$ cat coords.txt   # compact mmCIF, C-alpha atoms
# COMPACT_ATOMS: atom_id res chain seq x y z
CA MET A 347 121.62 77.62 132.12
CA GLU A 348 122.21 74.66 134.41
CA ILE A 349 120.07 74.82 137.52
CA THR A 350 120.45 71.27 138.68
CA GLY A 351 124.23 71.25 138.67
CA ASP A 352 124.47 71.06 142.42
CA LYS A 353 121.93 70.26 145.07
CA ALA A 354 122.53 73.41 147.08
CA THR A 355 121.56 75.68 144.15
CA PHE A 356 118.59 73.51 143.34
CA LEU A 357 117.46 73.38 146.96
CA ALA A 358 117.75 77.17 147.27
CA LEU A 359 115.63 77.67 144.13
CA ILE A 360 113.00 75.20 145.34
CA GLU A 361 112.99 76.81 148.80
CA GLN A 362 112.44 80.24 147.26
CA ASN A 363 109.60 79.01 145.07
CA LYS A 364 108.06 76.29 147.24
CA GLY A 365 104.84 78.33 147.34
CA ILE A 366 104.24 77.30 143.71
CA ILE A 367 104.41 73.62 144.66
CA ILE A 368 102.10 74.09 147.64
CA LYS A 369 99.55 76.05 145.61
CA ILE A 370 99.44 73.58 142.75
CA CYS A 371 99.29 70.56 145.06
CA ASN A 372 96.44 72.08 147.04
CA SER A 373 94.53 72.95 143.90
CA TYR A 374 94.91 69.59 142.15
CA CYS A 375 94.78 67.10 145.03
CA LYS A 376 92.14 66.76 147.68
CA ASN A 377 93.87 64.48 150.16
CA LYS A 378 97.18 64.88 151.95
CA ASN A 379 98.79 61.70 150.65
CA ASP A 380 98.15 62.70 147.05
CA ARG A 381 99.53 66.18 147.70
CA GLU A 382 102.71 64.71 149.08
CA ASP A 383 103.11 62.35 146.15
CA LEU A 384 102.48 65.12 143.66
CA ALA A 385 104.97 67.43 145.39
CA GLN A 386 107.61 64.72 145.25
CA GLU A 387 106.90 64.01 141.60
CA MET A 388 107.08 67.73 140.77
CA ILE A 389 110.47 68.16 142.43
CA TYR A 390 111.77 65.07 140.69
CA GLN A 391 110.55 66.34 137.29
CA LEU A 392 112.00 69.80 137.98
CA TRP A 393 115.33 68.18 138.75
CA ARG A 394 115.13 66.09 135.58
CA SER A 395 114.02 69.01 133.38
CA GLY A 396 116.70 71.33 134.77
CA GLN A 397 118.62 71.32 131.51
CA SER A 398 115.64 72.65 129.60
CA PHE A 399 115.56 75.84 131.66
CA ASN A 400 115.81 78.86 129.38
CA ALA A 401 117.38 81.87 131.06
CA ASP A 402 115.23 84.17 128.86
CA TYR A 403 112.29 83.22 131.09
CA LYS A 404 111.86 83.78 134.80
CA PHE A 405 112.62 80.72 136.92
CA SER A 406 109.07 80.83 138.33
CA THR A 407 107.60 80.77 134.78
CA TRP A 408 109.61 77.68 133.90
CA MET A 409 108.78 76.09 137.25
CA TYR A 410 105.06 76.74 136.78
CA ARG A 411 105.17 75.13 133.33
CA VAL A 412 106.84 71.94 134.53
CA ALA A 413 104.85 71.74 137.77
CA LEU A 414 101.47 72.33 136.10
CA ASN A 415 102.20 69.78 133.37
CA VAL A 416 103.14 67.25 136.04
CA ALA A 417 100.03 68.12 138.08
CA ILE A 418 97.64 67.76 135.14
CA SER A 419 99.15 64.41 134.09
CA PHE A 420 99.32 63.19 137.70
CA TYR A 421 95.72 64.26 138.31
CA ARG A 422 94.47 62.31 135.30
CA GLN A 423 96.56 59.26 136.05
CA HIS A 424 95.53 59.32 139.67
CA LYS A 425 91.88 59.75 138.83
CA GLN A 426 92.20 56.73 136.58
CA LEU A 427 94.16 54.50 138.93
CA ASN A 428 92.44 55.75 142.07
CA ASN A 429 95.11 54.45 144.39
CA ASN A 430 97.64 55.98 146.74
CA VAL A 431 101.32 55.27 146.41
CA ALA A 432 102.96 54.30 149.68
CA LEU A 433 104.99 57.07 151.26
CA SER A 434 108.71 56.69 151.33
CA GLU A 435 110.76 57.87 154.28
CA TRP A 436 111.87 61.13 152.70
CA HIS A 437 108.50 62.24 151.40
CA ILE A 438 107.57 65.88 151.66
CA GLU A 439 104.80 66.48 154.13
CA ILE A 440 102.49 69.33 153.38
CA GLU A 441 100.79 70.39 156.55
CA ASP A 442 97.30 71.80 156.55
CA GLY A 443 97.08 75.34 157.87
CA PRO A 444 95.33 76.10 161.21
CA GLU A 445 91.55 75.71 161.04
CA GLU A 446 89.38 78.70 161.92
CA HIS A 447 85.69 79.11 161.33
CA THR A 448 85.22 82.80 160.63
CA ASP A 449 83.31 84.12 157.60
CA LYS A 450 86.62 84.75 155.93
CA GLU A 451 87.71 81.17 156.56
CA ASN A 452 84.40 79.87 155.27
CA ASN A 453 84.77 81.91 152.08
CA ILE A 454 88.30 80.65 151.60
CA HIS A 455 87.06 77.10 152.12
CA LEU A 456 84.31 77.70 149.56
CA LEU A 457 86.81 79.18 147.10
CA GLN A 458 89.00 76.12 147.49
CA GLN A 459 86.00 73.90 146.84
CA PHE A 460 84.98 75.88 143.72
CA ILE A 461 88.53 75.77 142.39
CA SER A 462 88.73 72.02 142.94
CA GLU A 463 85.56 71.60 140.85
CA MET A 464 87.08 73.42 137.88
CA LYS A 465 88.61 71.81 134.82
CA GLU A 466 92.39 71.38 134.92
CA LEU A 467 93.19 74.14 132.42
CA ASP A 468 90.80 76.66 134.01
CA LYS A 469 92.28 75.80 137.39
CA ALA A 470 95.77 76.52 136.07
CA VAL A 471 94.77 79.96 134.73
CA LEU A 472 93.05 80.89 137.97
CA LEU A 473 95.97 79.71 140.04
CA LEU A 474 98.37 81.89 138.07
CA TRP A 475 96.07 84.90 138.26
CA SER A 476 95.65 84.44 142.02
CA ASP A 477 99.44 84.44 142.30
CA SER A 478 99.47 87.94 140.73
CA LYS A 479 101.16 86.75 137.56
CA SER A 480 101.00 89.20 134.65
CA TYR A 481 98.90 88.32 131.60
CA ARG A 482 102.15 87.97 129.69
CA GLU A 483 103.54 85.40 132.11
CA ILE A 484 100.25 83.52 132.19
CA SER A 485 100.17 83.43 128.40
CA GLU A 486 103.75 82.08 128.33
CA ILE A 487 102.94 79.38 130.84
CA ILE A 488 99.58 78.28 129.44
CA GLY A 489 100.38 78.80 125.76
CA ILE A 490 97.55 81.14 124.73
CA SER A 491 97.62 84.85 123.80
CA GLU A 492 97.52 87.65 126.38
CA THR A 493 94.11 88.80 125.11
CA ASN A 494 92.79 85.31 125.54
CA VAL A 495 94.21 85.15 129.04
CA ALA A 496 92.37 88.36 129.95
CA THR A 497 89.11 87.02 128.53
CA LYS A 498 89.52 83.70 130.27
CA ILE A 499 90.25 85.31 133.65
CA SER A 500 87.27 87.60 133.34
CA ARG A 501 85.02 84.59 132.64
CA LEU A 502 86.47 82.56 135.48
CA LYS A 503 85.96 85.44 137.90
CA ASP A 504 82.36 85.77 136.74
CA LYS A 505 81.85 82.06 137.27
CA LEU A 506 83.31 82.25 140.77
CA LYS A 507 81.20 85.26 141.73
CA GLN A 508 78.13 83.50 140.41
CA LYS A 509 78.93 80.44 142.53
CA PHE A 510 79.44 82.57 145.64
CA ASN A 511 76.16 84.37 144.98
CA GLN A 512 74.31 81.09 144.49
CA HIS A 513 75.76 79.79 147.71
CA GLN A 514 74.78 82.89 149.66
CA GLN A 515 71.15 82.71 148.47
CA MET B 1024 79.54 89.86 144.79
CA GLN B 1025 81.96 92.59 143.76
CA ASP B 1026 85.39 92.15 142.19
CA SER B 1027 87.05 93.57 145.30
CA GLU B 1028 85.36 90.98 147.54
CA LEU B 1029 86.50 88.14 145.31
CA ASN B 1030 90.01 89.59 145.24
CA ASP B 1031 90.02 89.71 149.06
CA ILE B 1032 88.97 86.05 149.29
CA MET B 1033 91.63 85.17 146.76
CA LYS B 1034 94.26 87.02 148.81
CA GLY B 1035 93.12 85.19 151.93
CA TYR B 1036 93.33 81.90 150.07
CA ASN B 1037 96.90 82.68 149.01
CA GLN B 1038 97.85 83.65 152.57
CA LYS B 1039 96.41 80.40 153.87
CA LEU B 1040 98.42 78.44 151.35
CA ASP B 1041 101.53 80.37 152.35
CA GLU B 1042 100.92 79.22 155.93
CA ALA B 1043 101.07 75.61 154.78
CA ARG B 1044 104.57 74.22 155.14
CA LEU B 1045 106.67 71.83 153.19
CA LEU B 1046 108.24 69.62 155.80
CA ASN B 1047 111.39 67.62 155.18
CA LEU B 1048 112.08 69.51 151.96
CA GLN B 1049 115.76 69.77 152.73
CA SER B 1050 116.26 66.12 153.60
CA TRP B 1051 114.20 65.12 150.58
CA VAL B 1052 116.35 67.15 148.20
CA LEU B 1053 119.45 65.70 149.82
CA ASN B 1054 118.08 62.28 148.94
CA LEU B 1055 117.17 63.38 145.45
CA GLN B 1056 119.93 61.43 143.78
CA HIS B 1057 118.81 58.26 145.53
CA TYR B 1058 115.22 58.91 144.47
CA THR B 1059 116.35 59.70 140.90
CA TYR B 1060 118.26 56.41 140.87
CA GLN B 1061 115.17 54.57 142.12
CA GLN B 1062 112.94 56.21 139.52
CA LYS B 1063 115.44 55.43 136.77
CA GLN B 1064 115.59 51.80 137.85
CA LYS B 1065 111.80 51.59 137.73
CA ALA B 1066 111.61 53.39 134.38
CA ASN B 1067 114.40 51.27 132.92
CA ALA B 1068 112.66 48.09 134.01
CA LYS B 1069 109.51 49.19 132.20
CA LEU B 1070 111.13 50.96 129.26
CA GLY B 1071 113.72 48.25 128.80
CA LYS B 1072 110.98 45.76 128.01
CA LEU B 1073 109.04 48.26 125.92
CA THR B 1074 112.03 49.42 123.93
CA LEU B 1075 113.08 45.88 123.17
CA GLN B 1076 109.52 45.05 122.13
CA LYS B 1077 109.38 48.10 119.89
CA LYS B 1078 112.76 47.40 118.34
CA VAL B 1079 111.76 43.80 117.62
CA LEU B 1080 108.45 44.93 116.11
CA VAL B 1081 110.09 47.56 113.91
CA PHE B 1082 112.76 45.07 112.81
CA LEU B 1083 110.21 42.32 112.04
CA GLY B 1084 107.92 44.83 110.33
CA ILE B 1085 110.68 45.98 108.00
CA ILE B 1086 111.75 42.40 107.19
CA TYR B 1087 108.15 41.26 106.63
CA GLY B 1088 107.21 44.33 104.55
CA PHE B 1089 110.22 44.12 102.25
CA ALA B 1090 109.96 40.32 101.96
CA LEU B 1091 106.37 40.68 100.78
CA LEU B 1092 107.32 43.36 98.25
CA PHE B 1093 110.17 41.19 96.99
CA LEU B 1094 107.80 38.25 96.67
CA ALA B 1095 105.24 40.37 94.84
CA ALA B 1096 107.83 41.75 92.44
CA ASN B 1097 109.01 38.25 91.60
CA THR B 1098 105.61 36.71 90.94
CA ILE B 1099 104.13 39.16 88.46
CA THR B 1100 102.21 36.83 86.13
CA TRP B 1101 98.59 36.93 85.02
CA GLN B 1102 97.83 33.68 86.84
CA LYS B 1103 99.17 35.08 90.12
CA ILE B 1104 97.85 38.57 89.71
CA PHE B 1105 95.68 38.45 92.88
CA PHE B 1106 98.53 37.04 94.92
CA CYS B 1107 100.87 39.68 93.57
CA ILE B 1108 98.53 42.64 94.23
CA CYS B 1109 97.54 41.40 97.71
CA THR B 1110 101.10 40.68 98.77
CA ALA B 1111 102.29 44.07 97.57
CA ALA B 1112 99.41 45.83 99.31
CA ILE B 1113 100.04 44.05 102.62
CA GLY B 1114 103.77 44.82 102.30
CA ILE B 1115 103.16 48.53 101.65
CA ILE B 1116 100.66 48.82 104.54
CA THR B 1117 103.09 47.06 106.90
CA LEU B 1118 105.94 49.39 105.96
CA TYR B 1119 103.68 52.43 106.31
CA ALA B 1120 102.72 51.26 109.83
CA VAL B 1121 106.43 50.86 110.66
CA VAL B 1122 107.06 54.47 109.52
CA VAL B 1123 104.22 55.74 111.74
CA TYR B 1124 105.62 53.68 114.60
CA ILE B 1125 109.11 55.15 114.22
CA LYS B 1126 107.56 58.64 114.08
CA GLN B 1127 105.83 57.93 117.42
CA LEU B 1128 109.12 56.92 119.02
CA TYR B 1129 110.60 60.22 117.83
CA TRP B 1130 107.68 62.18 119.37
CA ILE B 1131 108.13 60.38 122.68
CA GLN B 1132 111.78 61.43 122.74
CA GLN B 1133 110.87 65.01 121.84
CA PHE B 1134 108.36 65.46 124.68
CA ASN B 1135 109.35 68.24 127.05
CA SER B 1136 107.44 68.91 130.25
CA ALA B 1137 108.69 72.52 130.18
CA ASP B 1138 106.52 73.24 127.10
CA SER B 1139 103.48 75.45 127.62
CA ILE B 1140 100.56 73.63 129.24
CA VAL B 1141 98.34 73.55 126.15
CA GLU B 1142 101.21 72.45 123.89
CA ALA B 1143 102.50 69.73 126.24
CA GLN B 1144 99.07 68.30 127.00
CA GLU B 1145 98.12 68.33 123.30
CA LYS B 1146 101.31 66.41 122.51
CA LEU B 1147 100.44 63.80 125.13
CA VAL B 1148 96.98 63.32 123.66
CA MET B 1149 98.49 63.17 120.16
CA LEU B 1150 100.76 60.35 121.29
CA LYS B 1151 97.83 58.35 122.59
CA ASP B 1152 95.97 59.06 119.37
CA SER B 1153 98.90 57.93 117.25
CA THR B 1154 98.85 54.48 118.86
CA LEU B 1155 95.41 54.16 117.33
CA SER B 1156 96.70 55.23 113.92
CA VAL B 1157 98.91 52.15 113.67
CA THR B 1158 95.99 49.88 114.58
CA ARG B 1159 93.65 51.40 112.02
CA ILE B 1160 96.33 51.26 109.33
CA LEU B 1161 97.01 47.59 110.04
CA PHE B 1162 93.29 46.80 109.81
CA LEU B 1163 93.47 47.89 106.16
CA GLN B 1164 95.35 44.67 105.34
CA THR B 1165 92.39 42.43 106.21
CA PRO B 1166 90.56 42.30 102.82
CA PHE B 1167 93.80 41.44 101.02
CA TYR B 1168 94.16 38.31 103.15
CA CYS B 1169 90.79 37.15 101.74
CA LEU B 1170 91.92 37.33 98.12
CA PHE B 1171 95.58 36.42 97.85
CA PHE B 1172 94.91 32.74 96.99
CA VAL B 1173 92.45 33.53 94.16
CA SER B 1174 93.54 33.18 90.54
CA PRO B 1175 91.83 34.24 87.30
CA ALA B 1176 91.65 30.56 86.30
CA MET B 1177 89.81 29.73 89.52
CA ILE B 1178 87.15 32.36 88.75
CA VAL B 1179 86.72 31.20 85.16
CA ASP B 1180 86.72 27.44 85.88
CA SER B 1181 84.49 27.42 88.95
CA PRO B 1182 82.88 30.83 89.43
CA ALA B 1183 80.26 29.63 91.97
CA PRO B 1184 82.55 29.31 95.05
CA PHE B 1185 84.16 32.64 94.19
CA ILE B 1186 80.85 34.48 93.73
CA LEU B 1187 79.04 32.81 96.64
CA VAL B 1188 81.83 32.58 99.23
CA THR B 1189 85.06 34.47 98.50
CA LEU B 1190 83.52 37.62 97.05
CA PRO B 1191 80.88 38.18 99.79
CA ILE B 1192 83.46 37.54 102.52
CA THR B 1193 85.92 39.93 100.87
CA LEU B 1194 83.23 42.58 100.47
CA LEU B 1195 82.16 42.13 104.08
CA PHE B 1196 85.75 42.48 105.33
CA THR B 1197 86.28 45.46 103.03
CA PHE B 1198 83.20 47.17 104.45
CA VAL B 1199 84.21 46.38 108.07
CA THR B 1200 87.79 47.50 107.42
CA ILE B 1201 86.75 50.82 105.88
CA TRP B 1202 84.28 51.41 108.70
CA LEU B 1203 86.96 50.68 111.31
CA TYR B 1204 89.49 52.86 109.50
CA ARG B 1205 87.07 55.78 109.55
CA ASN B 1206 85.85 55.19 113.11
CA ILE B 1207 88.91 54.11 115.09
CA ASP B 1208 89.49 57.59 116.38
CA ILE B 1209 90.09 59.02 119.84
CA LYS B 1210 86.82 60.92 119.44
CA ASN B 1211 84.95 57.60 119.53
CA ALA B 1212 86.85 56.29 122.56
CA HIS B 1213 83.80 56.58 124.81
CA LYS B 1214 81.72 54.15 122.70
CA LYS B 1215 80.95 50.60 123.74
CA TRP B 1216 82.27 48.90 120.58
CA PHE B 1217 85.57 50.70 121.16
CA ARG B 1218 85.84 49.22 124.64
CA ILE B 1219 85.15 45.71 123.31
CA LEU B 1220 87.75 46.13 120.57
CA PHE B 1221 90.55 47.60 122.69
CA GLY B 1222 89.93 46.14 126.15
CA THR B 1223 89.14 47.96 129.39
CA SER B 1224 92.60 49.23 130.33
CA GLU B 1225 93.48 50.79 126.96
CA TRP B 1226 89.92 52.07 126.65
CA THR B 1227 90.05 53.85 130.02
CA GLN B 1228 93.28 55.61 129.09
CA LEU B 1229 91.91 56.65 125.73
CA VAL B 1230 88.67 57.93 127.23
CA GLN B 1231 90.74 60.05 129.63
CA SER B 1232 92.78 61.38 126.73
CA LYS B 1233 89.64 62.11 124.76
CA GLN B 1234 88.27 64.03 127.74
CA LEU B 1235 91.45 66.09 127.92
CA LEU B 1236 91.34 66.73 124.17
CA ASP B 1237 87.74 67.93 124.52
CA ASP B 1238 88.77 70.17 127.41
CA ILE B 1239 91.63 71.69 125.41
CA GLU B 1240 89.38 72.26 122.40
CA GLU B 1241 86.67 73.78 124.57
CA PHE B 1242 89.27 75.88 126.38
CA LYS B 1243 90.45 77.34 123.06
CA LYS B 1244 86.97 77.63 121.51
CA GLU B 1245 85.47 79.42 124.48
CA ILE B 1246 88.17 82.08 124.23
CA VAL B 1247 87.84 82.57 120.48
CA MET B 1248 84.08 83.02 120.73
CA LYS B 1249 84.31 85.95 123.10
$ encode --input "coords.txt" --output "structure tokens"
Amino acid sequence: MEITGDKATFLALIEQNKGIIIKICNSYCKNKNDREDLAQEMIYQLWRSGQSFNADYKFSTWMYRVALNVAISFYRQHKQLNNNVALSEWHIEIEDGPEEHTDKENNIHLLQQFISEMKELDKAVLLLWSDSKSYREISEIIGISETNVATKISRLKDKLKQKFNQHQQ
Amino acid sequence: MQDSELNDIMKGYNQKLDEARLLNLQSWVLNLQHYTYQQKQKANAKLGKLTLQKKVLVFLGIIYGFALLFLAANTITWQKIFFCICTAAIGIITLYAVVVYIKQLYWIQQFNSADSIVEAQEKLVMLKDSTLSVTRILFLQTPFYCLFFVSPAMIVDSPAPFILVTLPITLLFTFVTIWLYRNIDIKNAHKKWFRILFGTSEWTQLVQSKQLLDDIEEFKKEIVMK
């Protein structure tokens, strides 16, 4: 199935699934410039990989695979180079949401911090789980069995709860 | 903390991310072709050099390897036995390295970023690791360069230089070569001698790859143990 045949189709698909890009960028990059660069790189790689899309899978599953692979590689490369690429004029800008300082906001901020401290693969699993993906979809994206996905999620949740508890004490 | 509390925080986190906006998405996609062109130009500039380099190396490797084998095959005499064996060995090792090199080029072409995360990242690490394979294979030639000029007559007529100089040097190089062959591995990329041997830039990349390999192994192991 050709998804990059014309820009309008591609744009519509990206528009519908832009939440995936935002979530991954926010989980793998701490600063705004990096998030913008990563988002741009993801869209470019999605455009390039369009021919590899298999209609047997959901579009979001395929998109997660490409985007997460780009994010993990980008994250490592960026960590190594430790520099920011200059923004071009048509860069995507990801705006930060409005800041509030309620308990809920503080917990969300803490969660974001805990996720950012995780290893890349753990982060990917958690991200997919938080997006209400089924174990089957997660296993297809990550490349491990459904049973292993369940085990991994349970462990990650335990780790997160433990971190929240430690923080509250 | 209960599961339900964590789920609530997670939902809130997702909502917050949904509030974030992608600005200029439309105009960016409209400029996608221009960006693709730019990226291609950049990639071609880099890959063009690399591909030419690789083609030249493969071509020279094949010529050199076969020339050495031809030379060895045409000098099989007792007096030139060392030369013959060493030349043949260097030729075979060179051709083997060329085969590994061609295999790497094939893997690079086969890489697909739409593979599952574990599979794709493992392939990337494997590619980095395979660059080391060529180096360790080529190191195996070293002891043969110490012996190719020796002849049986030289050993019989004046054994002292052979026993006191050539033999110890050959044994030393053999030991070092075997040690390097066994130890040039991505798993040793964090060690100091590795950094000295491969330089800072290559070393940094390999250490990163090693870290990722460890993470993937740990990721799989942790699950299996449960």
$ atom_distance --input "coords.txt" --atom1 "atom CA of B:Lys1146" --atom2 "atom CA of B:Asp1208"
16.0 Å
$ residues_around --input "coords.txt" --residues "B:Val1123" --least-positions-apart "3" --cutoff "12 Å" --atoms "all atoms listed in the file" --output "PDB file with C-alpha atoms, in the coordinates of the input"
ATOM      1  CA  VAL B1081     110.090  47.560 113.910  1.00  0.00           C
ATOM      2  CA  GLY B1084     107.920  44.830 110.330  1.00  0.00           C
ATOM      3  CA  ILE B1116     100.660  48.820 104.540  1.00  0.00           C
ATOM      4  CA  THR B1117     103.090  47.060 106.900  1.00  0.00           C
ATOM      5  CA  LEU B1118     105.940  49.390 105.960  1.00  0.00           C
ATOM      6  CA  TYR B1119     103.680  52.430 106.310  1.00  0.00           C
ATOM      7  CA  ALA B1120     102.720  51.260 109.830  1.00  0.00           C
ATOM      8  CA  LYS B1126     107.560  58.640 114.080  1.00  0.00           C
ATOM      9  CA  GLN B1127     105.830  57.930 117.420  1.00  0.00           C
ATOM     10  CA  LEU B1128     109.120  56.920 119.020  1.00  0.00           C
ATOM     11  CA  TYR B1129     110.600  60.220 117.830  1.00  0.00           C
ATOM     12  CA  TRP B1130     107.680  62.180 119.370  1.00  0.00           C
ATOM     13  CA  LEU B1150     100.760  60.350 121.290  1.00  0.00           C
ATOM     14  CA  ASP B1152      95.970  59.060 119.370  1.00  0.00           C
ATOM     15  CA  SER B1153      98.900  57.930 117.250  1.00  0.00           C
ATOM     16  CA  THR B1154      98.850  54.480 118.860  1.00  0.00           C
ATOM     17  CA  LEU B1155      95.410  54.160 117.330  1.00  0.00           C
ATOM     18  CA  SER B1156      96.700  55.230 113.920  1.00  0.00           C
ATOM     19  CA  VAL B1157      98.910  52.150 113.670  1.00  0.00           C
ATOM     20  CA  THR B1158      95.990  49.880 114.580  1.00  0.00           C
ATOM     21  CA  ARG B1159      93.650  51.400 112.020  1.00  0.00           C
ATOM     22  CA  ILE B1160      96.330  51.260 109.330  1.00  0.00           C
ATOM     23  CA  LEU B1161      97.010  47.590 110.040  1.00  0.00           C
TER      24      LEU B1161
END
$ atom_distance --input "coords.txt" --atom1 "atom CA of B:Ile1186" --atom2 "atom CA of B:Trp1101"
19.9 Å
$ closest_residue --input "coords.txt" --among "B:Pro1166, B:Phe1217, B:Asp1237, B:Ala1137" --to "A:Phe405" --atoms "all atoms listed in the file"
B:Ala1137
$ residues_around --input "coords.txt" --residues "B:Gln1102" --least-positions-apart "3" --cutoff "12 Å" --atoms "all atoms listed in the file" --output "MDAnalysis selection string"
chainID B and resid 1098:1099 1105:1108 1171:1179
$ atom_distance --input "coords.txt" --atom1 "atom CA of B:Gly1114" --atom2 "atom CA of B:Pro1191"
24.0 Å
$ residues_around --input "coords.txt" --residues "stretch 468-483 of chain A" --least-positions-apart "6" --cutoff "7 Å" --atoms "only C-alpha atoms" --output "VMD selection string"
(chain A and resid 407 461 492 495 to 496 499) or (chain B and resid 1033)
$ write_last_selection --input "coords.txt" --atoms "C-alpha atoms" --output "mmCIF file, keeping the file's coordinate frame"
data_model
loop_
_atom_site.group_PDB
_atom_site.id
_atom_site.type_symbol
_atom_site.label_atom_id
_atom_site.label_comp_id
_atom_site.auth_asym_id
_atom_site.auth_seq_id
_atom_site.Cartn_x
_atom_site.Cartn_y
_atom_site.Cartn_z
ATOM 1 C CA THR A 407 107.600 80.770 134.780
ATOM 2 C CA ILE A 461 88.530 75.770 142.390
ATOM 3 C CA GLU A 492 97.520 87.650 126.380
ATOM 4 C CA VAL A 495 94.210 85.150 129.040
ATOM 5 C CA ALA A 496 92.370 88.360 129.950
ATOM 6 C CA ILE A 499 90.250 85.310 133.650
ATOM 7 C CA MET B 1033 91.630 85.170 146.760
#
$ residues_around --input "coords.txt" --residues "stretch 505-509 of chain A" --least-positions-apart "5" --cutoff "9 Å" --atoms "all atoms listed in the file" --output "count of residues only"
9
